[in-house]
$ cat query.pdb   # PDB, C-alpha atoms
ATOM      1  CA  ILE A   1     -17.998  -8.170   3.895
ATOM      2  CA  LEU A   2     -16.490  -5.974   1.240
ATOM      3  CA  HIS A   3     -17.574  -8.017  -1.739
ATOM      4  CA  ASP A   4     -19.388 -11.208  -2.690
ATOM      5  CA  LYS A   5     -17.297 -14.126  -3.871
ATOM      6  CA  THR A   6     -17.433 -14.937  -7.548
ATOM      7  CA  ARG A   7     -15.906 -18.066  -9.025
ATOM      8  CA  SER A   8     -12.761 -16.175 -10.075
ATOM      9  CA  GLU A   9     -12.344 -14.691  -6.601
ATOM     10  CA  ARG A  10     -12.567 -17.824  -4.451
ATOM     11  CA  ARG A  11      -8.793 -18.193  -4.369
ATOM     12  CA  GLN A  12      -8.455 -14.696  -2.913
ATOM     13  CA  PRO A  13      -8.850 -13.931   0.826
ATOM     14  CA  ILE A  14     -12.101 -12.245   1.873
ATOM     15  CA  LEU A  15     -11.558  -8.783   3.308
ATOM     16  CA  ARG A  16     -13.676  -7.211   6.019
ATOM     17  CA  TYR A  17     -13.537  -3.595   7.075
ATOM     18  CA  HIS A  18     -12.249  -2.917  10.540
ATOM     19  CA  ARG A  19     -15.346  -2.221  12.621
ATOM     20  CA  PHE A  20     -14.628   1.422  13.292
ATOM     21  CA  MET A  21     -14.170   2.086   9.564
ATOM     22  CA  ARG A  22     -17.048   0.089   8.093
ATOM     23  CA  SER A  23     -19.852   2.632   8.138
ATOM     24  CA  ALA A  24     -17.634   5.524   7.075
ATOM     25  CA  TYR A  25     -16.158   3.889   3.974
ATOM     26  CA  GLY A  26     -18.863   1.557   2.783
ATOM     27  CA  ASP A  27     -18.873   3.068  -0.721
ATOM     28  CA  TYR A  28     -15.600   1.288  -1.499
ATOM     29  CA  THR A  29     -14.794  -2.360  -2.112
ATOM     30  CA  ILE A  30     -11.278  -3.684  -1.679
ATOM     31  CA  HIS A  31      -9.698  -6.632  -3.504
ATOM     32  CA  PRO A  32      -6.210  -8.157  -3.373
ATOM     33  CA  LEU A  33      -4.458  -7.773  -6.718
ATOM     34  CA  GLY A  34      -4.483 -11.086  -8.586
ATOM     35  CA  PRO A  35      -4.079 -11.917 -12.281
ATOM     36  CA  GLU A  36      -7.792 -11.480 -12.892
ATOM     37  CA  ARG A  37      -7.514  -7.824 -11.796
ATOM     38  CA  TRP A  38      -4.336  -6.935 -13.673
ATOM     39  CA  ALA A  39      -6.207  -4.920 -16.312
ATOM     40  CA  ASP A  40      -7.762  -2.775 -13.568
ATOM     41  CA  PHE A  41      -4.366  -2.151 -11.988
ATOM     42  CA  GLU A  42      -2.900  -1.282 -15.391
ATOM     43  CA  ASN A  43      -5.757   1.105 -16.086
ATOM     44  CA  LEU A  44      -5.406   2.818 -12.695
ATOM     45  CA  PHE A  45      -1.643   3.326 -13.046
ATOM     46  CA  GLY A  46      -1.796   4.484 -16.674
ATOM     47  CA  PRO A  47       1.053   4.536 -19.185
ATOM     48  CA  SER A  48       3.490   6.191 -16.743
ATOM     49  CA  GLY A  49       3.059   3.453 -14.145
ATOM     50  CA  ALA A  50       1.568   5.879 -11.585
ATOM     51  CA  TYR A  51       4.699   8.037 -11.485
ATOM     52  CA  SER A  52       7.887   8.012 -13.588
ATOM     53  CA  GLY A  53       7.534   4.383 -14.631
ATOM     54  CA  CYS A  54       7.531   3.143 -11.047
ATOM     55  CA  TRP A  55       4.752   0.532 -11.183
ATOM     56  CA  CYS A  56       5.203   0.284  -7.397
ATOM     57  CA  MET A  57       8.575  -1.443  -7.737
ATOM     58  CA  TRP A  58      10.671   1.291  -6.078
ATOM     59  CA  TRP A  59      10.758  -0.367  -2.646
ATOM     60  CA  ARG A  60      11.401  -3.844  -4.053
ATOM     61  CA  LEU A  61      14.550  -3.088  -6.090
ATOM     62  CA  THR A  62      17.958  -1.536  -5.744
ATOM     63  CA  GLY A  63      18.408   1.856  -7.368
ATOM     64  CA  LYS A  64      20.490   0.266 -10.117
ATOM     65  CA  GLU A  65      17.864  -2.377 -10.840
ATOM     66  CA  PHE A  66      15.056   0.163 -10.837
ATOM     67  CA  SER A  67      16.826   2.442 -13.307
ATOM     68  CA  ALA A  68      17.867  -0.426 -15.560
ATOM     69  CA  ASN A  69      14.306  -1.742 -15.693
ATOM     70  CA  GLY A  70      12.719   1.504 -16.821
ATOM     71  CA  ASN A  71       8.974   1.769 -17.315
ATOM     72  CA  SER A  72       8.501  -1.454 -19.264
ATOM     73  CA  GLY A  73      10.790  -3.516 -17.042
ATOM     74  CA  ASN A  74       9.129  -2.386 -13.833
ATOM     75  CA  LYS A  75       5.708  -3.089 -15.315
ATOM     76  CA  ALA A  76       6.808  -6.597 -16.299
ATOM     77  CA  ALA A  77       8.257  -7.162 -12.830
ATOM     78  CA  VAL A  78       5.096  -6.266 -10.936
ATOM     79  CA  LYS A  79       3.030  -8.283 -13.402
ATOM     80  CA  ALA A  80       5.203 -11.327 -12.696
ATOM     81  CA  ILE A  81       4.721 -10.854  -8.948
ATOM     82  CA  THR A  82       0.983 -10.543  -9.489
ATOM     83  CA  GLU A  83       0.859 -13.750 -11.535
ATOM     84  CA  GLN A  84       3.006 -15.733  -9.110
ATOM     85  CA  GLY A  85       1.395 -14.405  -5.924
ATOM     86  CA  PRO A  86       0.939 -13.605  -3.176
ATOM     87  CA  ALA A  87      -0.908 -10.383  -3.950
ATOM     88  CA  PRO A  88       1.468  -7.380  -3.904
ATOM     89  CA  GLY A  89      -1.239  -5.038  -2.698
ATOM     90  CA  LEU A  90      -4.885  -4.016  -2.580
ATOM     91  CA  LEU A  91      -7.092  -2.271  -5.130
ATOM     92  CA  ALA A  92      -9.967   0.001  -4.127
ATOM     93  CA  TYR A  93     -13.068   0.243  -6.309
ATOM     94  CA  ARG A  94     -15.991   2.603  -6.372
ATOM     95  CA  ASP A  95     -18.968   1.791  -8.588
ATOM     96  CA  GLY A  96     -16.940  -0.977 -10.200
ATOM     97  CA  ALA A  97     -14.024   1.253 -11.257
ATOM     98  CA  PRO A  98     -10.512   1.093  -9.718
ATOM     99  CA  VAL A  99      -9.775   4.297  -7.811
ATOM    100  CA  GLY A 100      -6.875   3.510  -5.492
ATOM    101  CA  TRP A 101      -4.000   1.234  -4.570
ATOM    102  CA  LEU A 102      -2.086   0.270  -1.451
ATOM    103  CA  SER A 103       1.113  -1.786  -1.567
ATOM    104  CA  LEU A 104       1.820  -4.099   1.362
ATOM    105  CA  GLY A 105       3.463  -7.375   2.219
ATOM    106  CA  PRO A 106       6.050  -8.978   4.511
ATOM    107  CA  ARG A 107       8.845  -6.518   5.236
ATOM    108  CA  PRO A 108      11.561  -8.697   3.594
ATOM    109  CA  ASP A 109       9.748  -8.283   0.247
ATOM    110  CA  PHE A 110      10.865  -4.647   0.239
ATOM    111  CA  GLY A 111      14.639  -4.690  -0.020
ATOM    112  CA  ARG A 112      14.965  -0.919  -0.040
ATOM    113  CA  ILE A 113      13.269  -0.756   3.370
ATOM    114  CA  GLU A 114      15.506  -3.516   4.699
ATOM    115  CA  ARG A 115      18.644  -1.695   3.549
ATOM    116  CA  SER A 116      17.577   1.805   4.584
ATOM    117  CA  PRO A 117      19.453   3.380   7.511
ATOM    118  CA  LEU A 118      16.233   5.278   8.257
ATOM    119  CA  PHE A 119      14.161   2.175   8.885
ATOM    120  CA  LYS A 120      16.404  -0.441  10.482
ATOM    121  CA  ALA A 121      14.402  -3.219  12.094
ATOM    122  CA  GLY A 122      14.201  -2.587  15.820
ATOM    123  CA  ASP A 123      13.415  -6.190  16.695
ATOM    124  CA  ALA A 124      12.766  -9.599  15.139
ATOM    125  CA  THR A 125       8.976  -9.241  14.845
ATOM    126  CA  PRO A 126       7.947 -10.528  11.371
ATOM    127  CA  VAL A 127       6.001  -7.389  10.514
ATOM    128  CA  TRP A 128       4.239  -6.557   7.273
ATOM    129  CA  SER A 129       4.968  -3.217   5.639
ATOM    130  CA  ILE A 130       2.724  -0.625   4.002
ATOM    131  CA  VAL A 131       4.965   1.179   1.537
ATOM    132  CA  CYS A 132       2.817   3.068  -0.962
ATOM    133  CA  PHE A 133      -0.559   4.590  -1.791
ATOM    134  CA  PHE A 134      -1.711   5.693  -5.209
ATOM    135  CA  ILE A 135      -5.104   7.350  -5.570
ATOM    136  CA  HIS A 136      -6.528   8.395  -8.919
ATOM    137  CA  ARG A 137      -6.417  12.179  -9.180
ATOM    138  CA  GLU A 138     -10.200  12.431  -9.551
ATOM    139  CA  ASN A 139     -10.762  10.519  -6.315
ATOM    140  CA  ARG A 140      -8.290  12.129  -3.937
ATOM    141  CA  ARG A 141      -9.431  13.509  -0.568
ATOM    142  CA  GLN A 142     -12.536  11.353  -0.719
ATOM    143  CA  GLY A 143     -11.606   8.707   1.848
ATOM    144  CA  VAL A 144     -10.057   6.186  -0.539
ATOM    145  CA  ALA A 145      -6.771   5.955   1.367
ATOM    146  CA  SER A 146      -8.608   5.498   4.666
ATOM    147  CA  ALA A 147     -10.679   2.679   3.193
ATOM    148  CA  LEU A 148      -7.528   1.022   1.868
ATOM    149  CA  LEU A 149      -5.774   1.313   5.222
ATOM    150  CA  ALA A 150      -8.751  -0.176   7.071
ATOM    151  CA  ALA A 151      -8.798  -3.113   4.664
ATOM    152  CA  ALA A 152      -5.004  -3.522   4.885
ATOM    153  CA  ILE A 153      -5.262  -3.901   8.663
ATOM    154  CA  ASP A 154      -7.789  -6.702   8.261
ATOM    155  CA  TYR A 155      -5.992  -8.335   5.346
ATOM    156  CA  ALA A 156      -2.596  -8.435   7.065
ATOM    157  CA  GLY A 157      -4.202  -9.825  10.208
ATOM    158  CA  GLU A 158      -5.945 -12.566   8.243
ATOM    159  CA  GLN A 159      -2.605 -13.503   6.672
ATOM    160  CA  GLY A 160      -1.087 -13.942  10.129
ATOM    161  CA  ALA A 161       0.943 -10.729  10.371
ATOM    162  CA  PRO A 162       1.545  -9.791  14.032
ATOM    163  CA  ALA A 163       1.988  -6.111  13.208
ATOM    164  CA  LEU A 164       1.939  -3.568  10.391
ATOM    165  CA  GLU A 165       4.693  -1.031   9.807
ATOM    166  CA  ALA A 166       4.521   2.250   7.910
ATOM    167  CA  TYR A 167       7.173   4.770   6.844
ATOM    168  CA  PRO A 168       5.320   8.065   6.435
ATOM    169  CA  ILE A 169       6.265  11.717   6.239
ATOM    170  CA  ASP A 170       5.732  13.742   9.405
ATOM    171  CA  VAL A 171       4.455  16.873   7.709
ATOM    172  CA  ALA A 172       4.837  18.979  10.848
ATOM    173  CA  LYS A 173       8.605  18.354  10.810
ATOM    174  CA  ALA A 174       9.165  18.116   7.050
ATOM    175  CA  ASN A 175      10.773  20.611   4.702
ATOM    176  CA  GLU A 176       8.941  21.977   1.685
ATOM    177  CA  SER A 177      10.297  19.313  -0.656
ATOM    178  CA  GLN A 178       9.267  16.478   1.634
ATOM    179  CA  LYS A 179       5.760  17.935   1.950
ATOM    180  CA  ALA A 180       5.197  18.047  -1.812
ATOM    181  CA  ASP A 181       2.282  15.866  -2.905
ATOM    182  CA  ALA A 182       4.579  13.736  -5.071
ATOM    183  CA  ASN A 183       6.567  12.748  -1.967
ATOM    184  CA  LEU A 184       3.620  11.757   0.212
ATOM    185  CA  PHE A 185       3.044   8.385  -1.434
ATOM    186  CA  THR A 186       3.989   6.627   1.818
ATOM    187  CA  GLY A 187       1.251   8.520   3.687
ATOM    188  CA  THR A 188       1.558  11.024   6.517
ATOM    189  CA  ALA A 189       2.298  10.428  10.184
ATOM    190  CA  ASP A 190      -0.997  12.007  11.270
ATOM    191  CA  PHE A 191      -2.935   9.729   8.905
ATOM    192  CA  PHE A 192      -1.415   6.593  10.417
ATOM    193  CA  ALA A 193      -1.644   7.901  13.976
ATOM    194  CA  HIS A 194      -5.384   8.388  13.478
ATOM    195  CA  ALA A 195      -5.631   4.659  12.675
ATOM    196  CA  GLY A 196      -3.768   3.677  15.841
ATOM    197  CA  PHE A 197      -0.179   3.417  14.573
ATOM    198  CA  GLU A 198       2.530   4.523  17.002
ATOM    199  CA  VAL A 199       6.054   5.795  16.380
ATOM    200  CA  VAL A 200       8.591   3.086  17.229
ATOM    201  CA  GLN A 201      11.680   4.702  15.729
ATOM    202  CA  ARG A 202      12.688   8.117  14.395
ATOM    203  CA  THR A 203      16.121   8.394  12.822
ATOM    204  CA  LYS A 204      15.297  11.741  11.167
ATOM    205  CA  PRO A 205      12.646  14.187  12.390
ATOM    206  CA  ALA A 206      10.380  13.949   9.351
ATOM    207  CA  ARG A 207      10.723  10.168   8.763
ATOM    208  CA  PRO A 208       9.270   8.138  11.613
ATOM    209  CA  MET A 209       8.783   4.397  11.496
ATOM    210  CA  MET A 210       5.323   3.579  12.838
ATOM    211  CA  ARG A 211       3.742   0.327  13.879
ATOM    212  CA  LEU A 212       0.314  -1.104  14.664
ATOM    213  CA  LYS A 213       0.034  -4.361  16.594
ATOM    214  CA  LEU A 214      -2.552  -6.759  15.194
ATOM    215  CA  GLY A 215      -4.643  -9.380  16.921
TER     216      GLY A 215
END
$ encode --input "query.pdb" --output "structure tokens"
Amino acid sequence: ILHDKTRSERRQPILRYHRFMRSAYGDYTIHPLGPERWADFENLFGPSGAYSGCWCMWWRLTGKEFSANGNSGNKAAVKAITEQGPAPGLLAYRDGAPVGWLSLGPRPDFGRIERSPLFKAGDATPVWSIVCFFIHRENRRQGVASALLAAAIDYAGEQGAPALEAYPIDVAKANESQKADANLFTGTADFFAHAGFEVVQRTKPARPMMRLKLG
């Protein structure tokens, strides 16, 4: 078990590490983002909302809505989602401090994915989507993303998702701009392949759609 239940956490699902990840990433605890953890999320993302006022709303809005919102509007939007539930993603902690974030949920929650010609749904499976990682700069390349992905697999399965989808960059086929660190927030194809995800669609060489069956 990733963490003990406290009174404030009993409404949140319990997460367990996938067996093959447990021993390797036991230094991290993972919690769904609820109102009681908003301050930690706010602290992790900082005044710029992780990157350019995004606050992890990019995939949920149209371009026009995203631009009109700006930093403060996107922050208010994700806070409203957090307060209303369900959790818009998972927070990773080490030694009690938030160090990373993964955004996931049912695919229809992410309108930009649904509308994208790159990621058209190949079938009617009600998949969940993993759309973003954000790791604090002081904790990168220390296994935080792997811990978050392991927990996301368990969490989505516990919520009844039949499969998880991801929309990474295939670094081996990407141009220099696509390979820039700022553009790897969806993860890399090799990273997801290592966790068992398989390519189910590839409209452009560097932008595969990958899927992991659950259960």
$ atom_distance --input "query.pdb" --atom1 "CA of Gly73 (chain A)" --atom2 "CA of Phe185 (chain A)"
21.1 Å
$ resolve_selection --input "query.pdb" --expression "the PyMOL selection byres ((chain A and resi 91) around 7)" --output "number ranges by chain"
A: 30-33, 89-90, 92-93, 98, 100-102
$ residues_around --input "query.pdb" --residues "Pro106 (chain A)" --least-positions-apart "4" --cutoff "8 Å" --atoms "all atoms listed in the file" --output "list in words"
Phe110, Pro126, Val127, Trp128, Ser129 and Ala161 of chain A
$ closest_residue --input "query.pdb" --among "A:Phe134, A:Asn175, A:Ser116, A:Asn43" --to "Gly63 (chain A)" --atoms "all atoms listed in the file"
A:Ser116
$ resolve_selection --input "query.pdb" --expression "the PyMOL selection byres ((chain A and resi 55-57) around 8)" --output "short mmCIF file (atom, residue, chain, number, x, y, z; two decimals) with C-alpha atoms, in the coordinates of the input"
data_model
loop_
_atom_site.label_atom_id
_atom_site.label_comp_id
_atom_site.auth_asym_id
_atom_site.auth_seq_id
_atom_site.Cartn_x
_atom_site.Cartn_y
_atom_site.Cartn_z
CA PHE A 45 -1.64 3.33 -13.05
CA GLY A 49 3.06 3.45 -14.14
CA ALA A 50 1.57 5.88 -11.58
CA TYR A 51 4.70 8.04 -11.48
CA GLY A 53 7.53 4.38 -14.63
CA CYS A 54 7.53 3.14 -11.05
CA TRP A 58 10.67 1.29 -6.08
CA TRP A 59 10.76 -0.37 -2.65
CA ARG A 60 11.40 -3.84 -4.05
CA LEU A 61 14.55 -3.09 -6.09
CA PHE A 66 15.06 0.16 -10.84
CA ASN A 71 8.97 1.77 -17.32
CA ASN A 74 9.13 -2.39 -13.83
CA LYS A 75 5.71 -3.09 -15.32
CA ALA A 77 8.26 -7.16 -12.83
CA VAL A 78 5.10 -6.27 -10.94
CA SER A 103 1.11 -1.79 -1.57
CA CYS A 132 2.82 3.07 -0.96
#
